[in-house]
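Data block below; observations after.
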Amino acid sequence: MNRRDVFKAAALGVAAMSFAAPAISESIGGRSFDNKKTALIFIEFQNQWLDSASPLNGLMQDRALFSAAVENSARVLRKARERQANVVHAGLSLVADPDYLIFAGGKDKSGLRGAIPKAGTWRNPDQAAFPAPFSPQAGEFVVAGRSGASVITNSNLDPYLRNNRIEHIYLLGFALHVCVESTMRHAHDLGYDVTVVRDAAPAFTAEQQRHVLEHVIHHFGSSITSEELIGMM
């Protein structure tokens with residue numbers, strides 16, 4: 001059995017525990033917060049982005065935007081833990097898959113499948129670690145098996161959300177125009193109500209972020225500020 005089949009088998013095994021597809025939330029625009037039906041997904045709050053010496057950290061050209069996003073995300077996480085909300089840590093690690101992906105990647109490939117092996121990112125366990133305050137705590141779900149720009153691809157996230165009757169997800173993390181956007185599109189097509197926390201999901205530049213916020217998000221979900229989200233929680 002190859003790596004792709006292992007991922008699929010694991011996901012199907014968990015999904016078989018529940019047959020209920022996620023319903024669309026009645027909260028259009030993400031203006032209510034139901035603890036039981038909501039999950040906050042923190043995407044790649046790992047050293048690969050947060051360590052100032054990391055090459056990915058250096059991609060964040062608008063440093064004020066990046067710093068504010070990290071602070072806002074920490075505030076949201078703190079409130080979510082107080083509220084005992086469903087917290088999900090969706091990271092990335094290619095320690096066992098340095099060519100990203102073994103069955104499809106390599107330096108001669110286009111897109112992330114070529115860029116990541118060339119850059120050599122995500123191969124070191126230290127790069128994949130979640131630093132404080134984003135270190136997973138007891139009871140918080142850590143995504144496993146992910147192998148794409150969307151944190152849902154080949155991972156156990158969708159089965160987890162379905163089994164827990166989650167309908168509405170909030171996305172925070174890196175980077176807005178890459179993995180956050182990919183996850184938003186994927187989740188929308190699976191039937192989830194998706195809200196991006198816009199000041200907790202930076203792009204490399206303010207211009208990139210503005211494009212996604214003004215021209216992309218409304219097709220697949222909604223956006224909200226961290227302050228508005230904290231207020232609802």
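In the structure tokens, each chain is lettered A, B, ... as it comes, each chain's residues begin at 1, and ligands are numbered from 1 in order of appearance.
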Applying 8 Å and only C-alpha atoms, which residues near Pro131 (chain A) remain after dropping the ones on its own chain fewer than 5 positions away? List them as a list in words. Phe45, Gln46 and Asn47 of chain A
Take the residues from that selection and put them in a file with N, CA, C and O atoms, as a tab-separated table (two decimals), in the first residue's frame.
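Printed below is out_17.tsv as written:
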chain	number	residue	atom	x	y	z
A	45	PHE	N	0.88	27.45	12.64
A	45	PHE	CA	1.50	28.28	13.67
A	45	PHE	C	2.70	27.52	14.23
A	45	PHE	O	2.71	27.07	15.37
A	46	GLN	N	3.70	27.37	13.37
A	46	GLN	CA	4.88	26.57	13.64
A	46	GLN	C	6.14	27.41	13.46
A	46	GLN	O	6.11	28.50	12.91
A	47	ASN	N	7.26	26.84	13.90
A	47	ASN	CA	8.52	27.58	13.81
A	47	ASN	C	8.89	27.95	12.38
A	47	ASN	O	9.58	28.94	12.16
What parts of chain A does DSSP call helix (DSSP H, G or I)? I'd like the answer as a VMD selection string. chain A and resid 3 to 15 47 to 50 55 to 59 63 to 83 112 to 119 125 to 128 157 to 163 176 to 190 198 to 200 206 to 215 217 to 220 226 to 232
Could the residues in this selection be written to a file with C-alpha atoms, as a compact mmCIF listing (two decimals), in the first residue's frame?
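Resulting contents of again-v1.txt:
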# COMPACT_ATOMS: atom_id res chain seq x y z
CA ARG A 3 1.39 6.56 1.07
CA ARG A 4 -1.70 7.93 -0.69
CA ASP A 5 -3.63 4.73 0.02
CA VAL A 6 -2.59 4.88 3.69
CA PHE A 7 -3.96 8.42 3.98
CA LYS A 8 -7.24 7.49 2.30
CA ALA A 9 -7.69 4.35 4.40
CA ALA A 10 -7.11 6.27 7.61
CA ALA A 11 -9.58 9.00 6.65
CA LEU A 12 -12.23 6.54 5.52
CA GLY A 13 -11.82 4.52 8.70
CA VAL A 14 -12.55 7.56 10.86
CA ALA A 15 -15.29 8.85 8.56
CA ASN A 47 8.52 27.58 13.81
CA GLN A 48 8.78 27.46 10.03
CA TRP A 49 6.73 30.68 9.99
CA LEU A 50 7.24 32.09 13.47
CA PRO A 55 13.12 31.44 5.23
CA LEU A 56 9.32 31.43 5.27
CA ASN A 57 9.28 34.10 7.93
CA GLY A 58 11.32 36.22 5.57
CA LEU A 59 8.62 35.98 2.91
CA ARG A 63 6.20 42.97 8.96
CA ALA A 64 3.55 45.01 10.76
CA LEU A 65 0.81 42.92 9.14
CA PHE A 66 2.57 39.72 10.14
CA SER A 67 3.28 40.76 13.73
CA ALA A 68 -0.28 41.94 14.27
CA ALA A 69 -1.63 38.66 12.90
CA VAL A 70 0.46 36.62 15.34
CA GLU A 71 -0.65 38.77 18.28
CA ASN A 72 -4.30 38.66 17.22
CA SER A 73 -4.16 34.88 16.77
CA ALA A 74 -2.69 34.43 20.23
CA ARG A 75 -5.52 36.53 21.68
CA VAL A 76 -8.15 34.48 19.85
CA LEU A 77 -6.54 31.24 21.02
CA ARG A 78 -6.47 32.45 24.61
CA LYS A 79 -10.18 33.32 24.48
CA ALA A 80 -11.03 30.03 22.75
CA ARG A 81 -9.34 28.12 25.53
CA GLU A 82 -11.22 30.11 28.16
CA ARG A 83 -14.45 29.34 26.31
CA LEU A 112 4.52 24.04 -4.20
CA ARG A 113 5.48 20.47 -5.14
CA GLY A 114 8.57 21.91 -6.77
CA ALA A 115 9.18 24.96 -4.59
CA ILE A 116 9.15 23.17 -1.24
CA PRO A 117 11.76 20.50 -2.10
CA LYS A 118 13.93 23.19 -3.68
CA ALA A 119 13.73 25.40 -0.59
CA PRO A 125 11.33 18.44 13.19
CA ASP A 126 12.20 21.74 14.86
CA GLN A 127 10.66 23.62 11.91
CA ALA A 128 7.41 21.71 12.37
CA LEU A 157 -9.58 16.92 9.60
CA ASP A 158 -12.82 16.40 7.68
CA PRO A 159 -13.65 13.17 9.56
CA TYR A 160 -12.94 14.92 12.85
CA LEU A 161 -15.24 17.83 11.98
CA ARG A 162 -18.04 15.54 10.77
CA ASN A 163 -17.83 13.23 13.78
CA LEU A 176 -3.84 33.91 3.45
CA HIS A 177 -3.35 33.69 -0.32
CA VAL A 178 -1.94 30.14 -0.24
CA CYS A 179 -2.91 27.57 2.40
CA VAL A 180 -5.67 29.56 4.09
CA GLU A 181 -7.36 30.27 0.78
CA SER A 182 -6.91 26.67 -0.39
CA THR A 183 -8.49 25.40 2.82
CA MET A 184 -11.35 27.88 2.55
CA ARG A 185 -12.22 26.76 -0.97
CA HIS A 186 -11.94 23.08 -0.04
CA ALA A 187 -14.06 23.42 3.10
CA HIS A 188 -16.71 25.43 1.27
CA ASP A 189 -17.08 22.70 -1.34
CA LEU A 190 -17.45 20.10 1.41
CA ARG A 198 -8.83 38.57 8.34
CA ASP A 199 -6.41 40.26 10.74
CA ALA A 200 -5.07 36.88 11.89
CA ALA A 206 -0.91 44.09 2.20
CA GLU A 207 -1.76 44.18 -1.50
CA GLN A 208 -2.03 40.38 -1.67
CA GLN A 209 -4.19 40.34 1.43
CA ARG A 210 -6.46 43.07 0.08
CA HIS A 211 -6.99 41.13 -3.16
CA VAL A 212 -8.12 37.99 -1.33
CA LEU A 213 -10.37 39.91 1.05
CA GLU A 214 -12.01 42.00 -1.67
CA HIS A 215 -12.22 39.58 -4.58
CA ILE A 217 -13.45 35.33 0.12
CA HIS A 218 -17.07 36.30 -0.58
CA HIS A 219 -17.29 33.46 -3.14
CA PHE A 220 -16.50 30.83 -0.52
CA SER A 226 -10.22 39.00 15.68
CA GLU A 227 -11.87 41.59 17.93
CA GLU A 228 -15.32 40.74 16.56
CA LEU A 229 -14.67 37.04 17.01
CA ILE A 230 -13.45 37.47 20.57
CA GLY A 231 -16.52 39.57 21.30
CA MET A 232 -18.82 36.82 20.07
Could you state the separation of CA of Ala138 (chain A) and CA of Gly191 (chain A) in Å, given to one decimal place?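 Separation between CA of Ala138 (chain A) and CA of Gly191 (chain A): 28.2 Å.
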What are the DSSP strand (DSSP E) residues of region 31-159 of chain A, as a PyMOL selection string? chain A and resi 38-43+86-90+141-142
State, in Å with one decimal place, the distance from CA of Leu171 (chain A) to CA of Leu40 (chain A).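 Distance between the two atoms: 6.3 Å.
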If you measure from CA of Gly145 (chain A) to CA of Ser223 (chain A), what distance in Å do you get, rounded to one decimal? 27.3 Å
